[in-house]
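**Q** Below: one structure in structure tokens.
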Amino acid sequence: MSLPTYVLAATVHFVGIIAFMPQPATPSARTGAQDDGVRVASIQRSASTPVSDTRSTVLAVIPQDFPDPLIAKHTAMIMYRTGDYISSKGWKGAPLHRDGLQYVPLNHGDLVSFDTGGATNPPVDFPKALPHHPARARTSQLDLLPSYSPDDRSHATVVSIPAGTLSVCEDNHRSDTTITMNARGSFVIKVKTESGTKTLKLKSGAEVAIVNVPLSYAETPADHHQNTNHYMEYCVMAGLPTDRSHCPPPSYMPSAPACAWQGRDMLVAQANAGHSMSQTAGADCSNTQWP
């Protein structure tokens, strides 16, 4: 007699320099395994183009190229708990030396998808509560450079999110995004790479973080990092100069509810909350909606 297969909620947190944008819905957007070989359409939207289809697949674009010396080099990774790990193919996790966390790296050209074992999930909504591109008020020329586009991905990793419940929360004025998906039996993260497919198989109720931050931020559990210029990478992705006249620092105050993650050890450290400029520094590391 076979044992029952339980459906539990898997949670993925997105932290750091990650841009969310919509893609037209596909026939497989409701349930189960996403075809990680599907060709995703390039998305280049001007600031005046509204998001009209809230039942679309959502794409998370994670930049991998940080050419401006004013911007610290970032490391894109998947963080997970050792206790949630079942197996993997093509990856070997490395420890973060804190809180029982491990990570596997993400690379340019990677296309990430989620296999929920056929569990039913609602069509995803676009995270409209995220702050906009920092230069949106200065220019309408905010097309994504081809190398960061979902089709090309030569300077980016792209995560395809066709189903699940997306929400936005605030941590020290930094906007993070969370997706919750029902998963049957296990929760599998698939990554189509230039050389094949990697998989990370976790328990169905796993809590995971996909982050794009300097590696030291992920390894340090304290909020002691200094103010940064991380937001400038969004201007690099649009081919804009990073001087303040073209790429102004964030001035928005996120209005999303406070983050209340089940495992606080998943939080990635950010700017010193007691510093007088903590609002700008926290928002500096926010996810954004493009544009």
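Please note that chains go A, B, ... in the order of the structure tokens, that every chain numbers its residues from 1, and that ligands are numbered from 1 in the order shown.
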Per residue of stretch 98-197 of chain A within 12 Å of stretch 203-215 of chain A, which atom pair is closest and at what distance in Å (one decimal), using only C-alpha atoms, listed by chain and increasing number, as JSON lines?
**A**
```
{"residue": "A:Leu101", "atom": "CA", "partner": "A:Val208", "partner_atom": "CA", "distance": 9.9}
{"residue": "A:Gln102", "atom": "CA", "partner": "A:Val208", "partner_atom": "CA", "distance": 10.2}
{"residue": "A:Tyr103", "atom": "CA", "partner": "A:Ala209", "partner_atom": "CA", "distance": 9.2}
{"residue": "A:Val104", "atom": "CA", "partner": "A:Ile210", "partner_atom": "CA", "distance": 9.8}
{"residue": "A:Pro105", "atom": "CA", "partner": "A:Ile210", "partner_atom": "CA", "distance": 9.7}
{"residue": "A:Leu106", "atom": "CA", "partner": "A:Ile210", "partner_atom": "CA", "distance": 9.2}
{"residue": "A:Asn107", "atom": "CA", "partner": "A:Asn212", "partner_atom": "CA", "distance": 11.0}
{"residue": "A:Val112", "atom": "CA", "partner": "A:Ile210", "partner_atom": "CA", "distance": 10.5}
{"residue": "A:Phe114", "atom": "CA", "partner": "A:Ser204", "partner_atom": "CA", "distance": 11.5}
{"residue": "A:Asp115", "atom": "CA", "partner": "A:Ser204", "partner_atom": "CA", "distance": 10.3}
{"residue": "A:Thr116", "atom": "CA", "partner": "A:Ser204", "partner_atom": "CA", "distance": 7.9}
{"residue": "A:Gly117", "atom": "CA", "partner": "A:Ser204", "partner_atom": "CA", "distance": 9.1}
{"residue": "A:Gly118", "atom": "CA", "partner": "A:Ser204", "partner_atom": "CA", "distance": 11.8}
{"residue": "A:Ala119", "atom": "CA", "partner": "A:Ser204", "partner_atom": "CA", "distance": 10.3}
{"residue": "A:Ala156", "atom": "CA", "partner": "A:Asn212", "partner_atom": "CA", "distance": 11.0}
{"residue": "A:Thr157", "atom": "CA", "partner": "A:Asn212", "partner_atom": "CA", "distance": 10.3}
{"residue": "A:Val158", "atom": "CA", "partner": "A:Ile210", "partner_atom": "CA", "distance": 11.3}
{"residue": "A:Val159", "atom": "CA", "partner": "A:Ile210", "partner_atom": "CA", "distance": 9.6}
{"residue": "A:Asp176", "atom": "CA", "partner": "A:Val211", "partner_atom": "CA", "distance": 9.9}
{"residue": "A:Thr177", "atom": "CA", "partner": "A:Ile210", "partner_atom": "CA", "distance": 9.9}
{"residue": "A:Thr178", "atom": "CA", "partner": "A:Ala209", "partner_atom": "CA", "distance": 8.8}
{"residue": "A:Ile179", "atom": "CA", "partner": "A:Val208", "partner_atom": "CA", "distance": 9.9}
{"residue": "A:Thr180", "atom": "CA", "partner": "A:Glu207", "partner_atom": "CA", "distance": 9.2}
{"residue": "A:Met181", "atom": "CA", "partner": "A:Gly205", "partner_atom": "CA", "distance": 9.2}
{"residue": "A:Asn182", "atom": "CA", "partner": "A:Ser204", "partner_atom": "CA", "distance": 7.8}
{"residue": "A:Ala183", "atom": "CA", "partner": "A:Ser204", "partner_atom": "CA", "distance": 5.2}
{"residue": "A:Arg184", "atom": "CA", "partner": "A:Ser204", "partner_atom": "CA", "distance": 6.2}
{"residue": "A:Gly185", "atom": "CA", "partner": "A:Ser204", "partner_atom": "CA", "distance": 5.7}
{"residue": "A:Ser186", "atom": "CA", "partner": "A:Ser204", "partner_atom": "CA", "distance": 4.0}
{"residue": "A:Phe187", "atom": "CA", "partner": "A:Ser204", "partner_atom": "CA", "distance": 4.7}
{"residue": "A:Val188", "atom": "CA", "partner": "A:Ser204", "partner_atom": "CA", "distance": 8.4}
{"residue": "A:Ile189", "atom": "CA", "partner": "A:Val208", "partner_atom": "CA", "distance": 10.1}
```
**Q** Please return, as a list in words, all residues of stretch 60-198 of chain A that DSSP assigns to helix (DSSP H, G or I) on the basis of the backbone.
**A**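 Answer for stretch 60-198 of chain A, restricted to helix (DSSP H, G or I): Thr82, Gly83, Asp84, Pro146, Ser147 and Tyr148 of chain A.
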**Q** List every residue of stretch 120-171 of chain A that has an atom at most 10 Å from any atom of stretch 4-12 of chain A, and for each one report the closest atom pair and its distance in Å to one decimal, counting only C-alpha atoms, with rows sorted by chain and then by increasing residue number, as a tab-separated table.
**A**
```
residue	atom	partner	partner_atom	distance
A:Thr120	CA	A:Val7	CA	9.5
A:Gly164	CA	A:Thr11	CA	9.6
A:Thr165	CA	A:Thr11	CA	9.5
A:Leu166	CA	A:Val12	CA	9.5
```
**Q** Near A:Pro257, within 8 Å and counting only C-alpha atoms, which residues show up once chain neighbours fewer than 2 positions away are dropped, as an MDAnalysis selection string?
**A** chainID A and resid 168:170 255 259
**Q** Limited to C-alpha atoms, could you put the picked residues into a file as an mmCIF file, in the first residue's frame?
**A**
```cif
data_model
loop_
_atom_site.group_PDB
_atom_site.id
_atom_site.type_symbol
_atom_site.label_atom_id
_atom_site.label_comp_id
_atom_site.auth_asym_id
_atom_site.auth_seq_id
_atom_site.Cartn_x
_atom_site.Cartn_y
_atom_site.Cartn_z
ATOM 1 C CA VAL A 168 5.096 42.235 -1.242
ATOM 2 C CA CYS A 169 6.371 43.045 2.239
ATOM 3 C CA GLU A 170 8.690 45.615 3.794
ATOM 4 C CA SER A 255 3.884 51.025 2.033
ATOM 5 C CA CYS A 259 7.672 41.031 6.469
#
```
**Q** Using only C-alpha atoms, which of the listed residues (A:Arg153, A:Ala76, A:Ile18, A:Gly239) sits closest to A:Thr193?
**A**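 That would be A:Arg153, the residue with the smallest distance to A:Thr193.
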**Q** Could you give me the residues within stretch 4-225 of chain A that DSSP places in strand (DSSP E or B), as a PyMOL selection string?
**A** chain A and resi 7-16+19-23+31+57-63+75-81+85-89+94-95+101-105+111-115+120+123+132+156-161+163+165-171+174-184+187-192+197-202+207-213+225
**Q** Using only C-alpha atoms, can you tell me which of A:Lys92, A:His155, A:His133, A:Arg81 comes closest to A:Asp65?
**A**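 Looking at the shortest contact to A:Asp65, the residue is A:His155.
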**Q** Measuring atom to atom with only C-alpha atoms, identify which of A:Val191, A:Met79, A:Ala258, A:Met232 is nearest to A:Arg98.
**A** A:Met79
**Q** Rounded to one decimal, what separation in Å do you get between atom CA of A:Pro69 and atom CA of A:His132?
**A**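 So the answer is 23.5 Å.
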**Q** Could you jot down the atom CA of A:Leu96 to atom CA of A:Leu200 separation for me, Å, one decimal place?
**A**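 For atom CA of A:Leu96 relative to atom CA of A:Leu200, the distance reads 17.0 Å.
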**Q** One number please: atom CA of A:Phe66 to atom CA of A:Glu233, in Å, one decimal.
**A**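 Between atom CA of A:Phe66 and atom CA of A:Glu233 the gap works out to 6.9 Å.
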**Q** Using only C-alpha atoms, which residue out of A:Pro67, A:Pro249, A:Pro146, A:Gly100 lies closest to A:Tyr85?
**A** A:Gly100
**Q** Just the residues within 6 Å of stretch 19-24 of chain A, please, counting only C-alpha atoms, with nothing from its chain fewer than 5 positions along; format it as number ranges by chain.
**A** A: 56-61, 287-290
